[in-house]
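K.L.:
Have a look at the structure that comes next, please.
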Amino acid sequence: TKAVFHASATSQNNLHVLKADILQEEFPEKSYDAMTAAGLLEHIPDPRGFLRKMHGRLTPETGRIFVMLPINTAHPDHMILFNHVDECRDLMTETGFAVVEERIVPTEDLPAAELAEKKVPVMYLGICKTA
């Protein structure tokens with residue numbers, strides 16, 4: 001992460017890189033303006049617990065979290081299988097977030113009903129804030 005920021009000439013003044021079990025460790029800062037959970041939630045056994053903890057550290061009103069969740073992608077390392085876009089939305093709202101913006105990106109150009117029927121892999125991209 002630090003190397004990517006350095007290569008892109010992005011300021012690292014407010015960058016905190018922490019390698020830890022975030023459910024076990026305390027956060028180094030009181031709150032955060034932005035968080036990302038891209039390609040993460042399907043790999044952990046308790047995504048709800050993770051999101052609840054993140055919710056408590058996101059800056060109220062202005063803070064945002066970006067999530068990227070795969071739907072219909074039963075890979076061996078996925079502990080959670082999302083089957084429908086509504087499951088992703090429900091996960092966010094059940095853990096105290098409100099969806100600000102979202103994009104649904106299917107791997108095939110088909111009508112929504114057909115995507116669900118054929119279980120076509122889809123990527124859910126969401127930007128959320130505290131509700």
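Ordered as shown in the structure tokens, chains take letters A, B, and onward, while each chain numbers its residues from 1 and ligands are numbered from 1 in the order shown.
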May I have the residues within 9 Å of A:Leu23 as a ChimeraX atom specification, using only C-alpha atoms and disregarding those fewer than 6 positions away in the same chain?
P.N.:
/A:49-50,53
K.L.:
Using only C-alpha atoms, determine which residues lie at most 9 Å from stretch 57-61 of chain A, disregarding the query and same-chain residues fewer than 4 positions distant; provide the list as a ChimeraX atom specification.
P.N.:
/A:27,29-35,53,65,129-131
K.L.:
Next, dump the selected residues to file, keeping only N, CA and C atoms, as an mmCIF file, in the first residue's frame.
P.N.:
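Wrote it out as again_15.cif, contents follow:
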```
data_model
loop_
_atom_site.group_PDB
_atom_site.id
_atom_site.type_symbol
_atom_site.label_atom_id
_atom_site.label_comp_id
_atom_site.auth_asym_id
_atom_site.auth_seq_id
_atom_site.Cartn_x
_atom_site.Cartn_y
_atom_site.Cartn_z
ATOM 1 N N PHE A 27 -8.244 0.515 16.863
ATOM 2 C CA PHE A 27 -7.869 1.407 15.786
ATOM 3 C C PHE A 27 -6.871 2.446 16.283
ATOM 4 N N GLU A 29 -6.676 5.506 15.225
ATOM 5 C CA GLU A 29 -7.323 6.823 15.237
ATOM 6 C C GLU A 29 -8.739 6.701 15.778
ATOM 7 N N LYS A 30 -9.267 7.808 16.285
ATOM 8 C CA LYS A 30 -10.621 7.835 16.836
ATOM 9 C C LYS A 30 -11.673 7.653 15.740
ATOM 10 N N SER A 31 -11.476 8.332 14.595
ATOM 11 C CA SER A 31 -12.437 8.204 13.494
ATOM 12 C C SER A 31 -11.727 8.371 12.154
ATOM 13 N N TYR A 32 -12.424 7.957 11.104
ATOM 14 C CA TYR A 32 -11.872 7.985 9.751
ATOM 15 C C TYR A 32 -12.888 8.603 8.797
ATOM 16 N N ASP A 33 -12.387 9.392 7.858
ATOM 17 C CA ASP A 33 -13.248 10.011 6.851
ATOM 18 C C ASP A 33 -13.619 9.030 5.753
ATOM 19 N N ALA A 34 -12.735 8.069 5.499
ATOM 20 C CA ALA A 34 -12.982 7.107 4.423
ATOM 21 C C ALA A 34 -12.419 5.747 4.808
ATOM 22 N N MET A 35 -13.129 4.707 4.394
ATOM 23 C CA MET A 35 -12.701 3.329 4.601
ATOM 24 C C MET A 35 -13.032 2.548 3.335
ATOM 25 N N LYS A 53 -18.129 -2.755 13.561
ATOM 26 C CA LYS A 53 -16.946 -2.114 14.135
ATOM 27 C C LYS A 53 -16.508 -0.939 13.268
ATOM 28 N N ILE A 65 -17.761 4.720 3.432
ATOM 29 C CA ILE A 65 -17.091 3.435 3.266
ATOM 30 C C ILE A 65 -17.430 2.910 1.878
ATOM 31 N N LYS A 129 -22.734 5.570 3.959
ATOM 32 C CA LYS A 129 -22.452 6.451 5.100
ATOM 33 C C LYS A 129 -23.195 5.900 6.300
ATOM 34 N N THR A 130 -22.922 6.439 7.469
ATOM 35 C CA THR A 130 -23.651 5.995 8.642
ATOM 36 C C THR A 130 -25.090 6.469 8.544
ATOM 37 N N ALA A 131 -26.011 5.596 8.917
ATOM 38 C CA ALA A 131 -27.438 5.926 8.807
ATOM 39 C C ALA A 131 -27.896 6.734 10.002
#
```
K.L.:
Residues within 7 Å of A:Val99, please, as a list in words. Count only C-alpha atoms; anything in the same chain fewer than 2 positions from it doesn't count.
P.N.:
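Using only C-alpha atoms, the neighbours found are Phe97, Glu101, Gly126, Ile127, Cys128 and Lys129 of chain A.
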K.L.:
Which one is closest to A:Val67: A:Leu81, A:Ile22, A:Cys88, A:Leu125? Count only C-alpha atoms.
P.N.:
A:Leu125
K.L.:
To test your reading of the structure, identify every residue in stretch 53-104 of chain A that backbone DSSP assigns to alpha helix (DSSP H), and report it as a list in words.
P.N.:
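The alpha helix (DSSP H) residues within stretch 53-104 of chain A come out as Lys53, Met54, His55, Val85, Asp86, Glu87, Cys88, Arg89, Asp90, Leu91, Met92, Thr93 and Glu94 of chain A.
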K.L.:
Export, as a short mmCIF file (atom, residue, chain, number, x, y, z; two decimals), in the first residue's frame, the selected residues with C-alpha atoms.
P.N.:
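Done, and the output landed in selection_11.cif:
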```cif
data_model
loop_
_atom_site.label_atom_id
_atom_site.label_comp_id
_atom_site.auth_asym_id
_atom_site.auth_seq_id
_atom_site.Cartn_x
_atom_site.Cartn_y
_atom_site.Cartn_z
CA LYS A 53 -16.95 -2.11 14.13
CA MET A 54 -16.21 0.00 11.05
CA HIS A 55 -19.49 1.88 11.54
CA VAL A 85 -27.75 -7.67 -4.91
CA ASP A 86 -30.40 -7.32 -2.19
CA GLU A 87 -28.21 -9.36 0.18
CA CYS A 88 -25.44 -6.77 -0.22
CA ARG A 89 -27.81 -3.87 0.43
CA ASP A 90 -29.31 -5.69 3.43
CA LEU A 91 -25.84 -6.35 4.86
CA MET A 92 -25.05 -2.64 4.77
CA THR A 93 -28.38 -1.46 6.21
CA GLU A 94 -28.43 -4.15 8.92
#
```
K.L.:
Quick one: pick out all strand (DSSP E or B) residues within stretch 48-120 of chain A from a backbone DSSP run and write them as a short mmCIF file (atom, residue, chain, number, x, y, z; two decimals) with N, CA, C and O atoms, in the first residue's frame.
P.N.:
```
data_model
loop_
_atom_site.label_atom_id
_atom_site.label_comp_id
_atom_site.auth_asym_id
_atom_site.auth_seq_id
_atom_site.Cartn_x
_atom_site.Cartn_y
_atom_site.Cartn_z
N LEU A 58 -16.34 5.37 11.61
CA LEU A 58 -16.51 6.24 10.45
C LEU A 58 -17.02 7.60 10.92
O LEU A 58 -17.92 7.68 11.74
N ARG A 64 -17.37 8.06 4.66
CA ARG A 64 -17.89 7.11 3.67
C ARG A 64 -17.08 5.82 3.72
O ARG A 64 -15.89 5.83 3.99
N ILE A 65 -17.76 4.72 3.43
CA ILE A 65 -17.09 3.44 3.27
C ILE A 65 -17.43 2.91 1.88
O ILE A 65 -18.58 2.98 1.44
N PHE A 66 -16.42 2.42 1.18
CA PHE A 66 -16.60 1.82 -0.13
C PHE A 66 -16.54 0.32 0.04
O PHE A 66 -15.61 -0.21 0.66
N VAL A 67 -17.55 -0.38 -0.48
CA VAL A 67 -17.56 -1.84 -0.45
C VAL A 67 -17.66 -2.39 -1.86
O VAL A 67 -18.31 -1.81 -2.73
N MET A 68 -16.97 -3.49 -2.07
CA MET A 68 -17.06 -4.22 -3.33
C MET A 68 -17.34 -5.66 -2.96
O MET A 68 -16.54 -6.30 -2.26
N LEU A 69 -18.51 -6.16 -3.37
CA LEU A 69 -18.94 -7.50 -3.00
C LEU A 69 -19.26 -8.32 -4.24
O LEU A 69 -20.06 -7.89 -5.08
N PRO A 70 -18.67 -9.50 -4.36
CA PRO A 70 -18.98 -10.36 -5.49
C PRO A 70 -20.26 -11.16 -5.23
O PRO A 70 -20.49 -11.63 -4.12
N ILE A 71 -21.06 -11.27 -6.25
CA ILE A 71 -22.30 -12.04 -6.18
C ILE A 71 -22.18 -13.23 -7.12
O ILE A 71 -21.70 -13.08 -8.25
N PHE A 82 -22.59 -14.42 -1.58
CA PHE A 82 -23.70 -13.52 -1.83
C PHE A 82 -24.38 -13.99 -3.11
O PHE A 82 -23.73 -14.22 -4.12
N PHE A 97 -25.57 1.24 8.04
CA PHE A 97 -25.15 2.10 6.94
C PHE A 97 -26.33 2.42 6.03
O PHE A 97 -27.30 1.68 5.96
N ALA A 98 -26.20 3.52 5.32
CA ALA A 98 -27.15 3.90 4.28
C ALA A 98 -26.38 3.98 2.97
O ALA A 98 -25.29 4.56 2.93
N VAL A 99 -26.93 3.40 1.93
CA VAL A 99 -26.27 3.43 0.62
C VAL A 99 -26.42 4.83 0.02
O VAL A 99 -27.54 5.33 -0.13
N VAL A 100 -25.31 5.44 -0.32
CA VAL A 100 -25.28 6.77 -0.94
C VAL A 100 -25.30 6.62 -2.46
O VAL A 100 -26.01 7.33 -3.16
N GLU A 101 -24.51 5.67 -2.93
CA GLU A 101 -24.42 5.43 -4.37
C GLU A 101 -24.01 3.98 -4.58
O GLU A 101 -23.28 3.41 -3.77
N GLU A 102 -24.49 3.38 -5.66
CA GLU A 102 -24.11 2.01 -5.95
C GLU A 102 -24.05 1.76 -7.45
O GLU A 102 -24.67 2.48 -8.24
N ARG A 103 -23.27 0.77 -7.79
CA ARG A 103 -23.18 0.31 -9.17
C ARG A 103 -23.26 -1.21 -9.14
O ARG A 103 -22.64 -1.85 -8.29
N ILE A 104 -24.00 -1.76 -10.07
CA ILE A 104 -24.13 -3.20 -10.22
C ILE A 104 -23.46 -3.53 -11.55
O ILE A 104 -23.90 -3.05 -12.61
N VAL A 105 -22.40 -4.33 -11.50
CA VAL A 105 -21.61 -4.61 -12.70
C VAL A 105 -21.63 -6.11 -12.99
O VAL A 105 -20.87 -6.88 -12.40
N PRO A 106 -22.51 -6.54 -13.90
CA PRO A 106 -22.57 -7.96 -14.25
C PRO A 106 -21.46 -8.34 -15.22
O PRO A 106 -20.94 -7.49 -15.95
#
```
K.L.:
Just how far from atom CA of A:Gly39 is atom CA of A:Val120, in Å to one decimal?
P.N.:
17.7 Å
K.L.:
Would you work out the distance separating atom CA of A:Asp21 from atom CA of A:Leu51, expressed in Å to one decimal?
P.N.:
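Between atom CA of A:Asp21 and atom CA of A:Leu51 the gap is 13.6 Å.
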K.L.:
I want to know what sits within 12 Å of A:Glu108, based on only C-alpha atoms, with residues of the same chain fewer than 6 positions away left out; could you give that as a list in words?
P.N.:
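The contact residues come out as Glu114, Leu115, Ala116, Lys118, Lys119, Val120, Pro121, Val122 and Met123 of chain A.
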K.L.:
Looking at only C-alpha atoms, which of A:Ala38, A:Leu110, A:Ala9, A:Pro47 is the one that sits closest to A:Tyr124?
P.N.:
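Using only C-alpha atoms, A:Tyr124 sits closest to A:Ala38.
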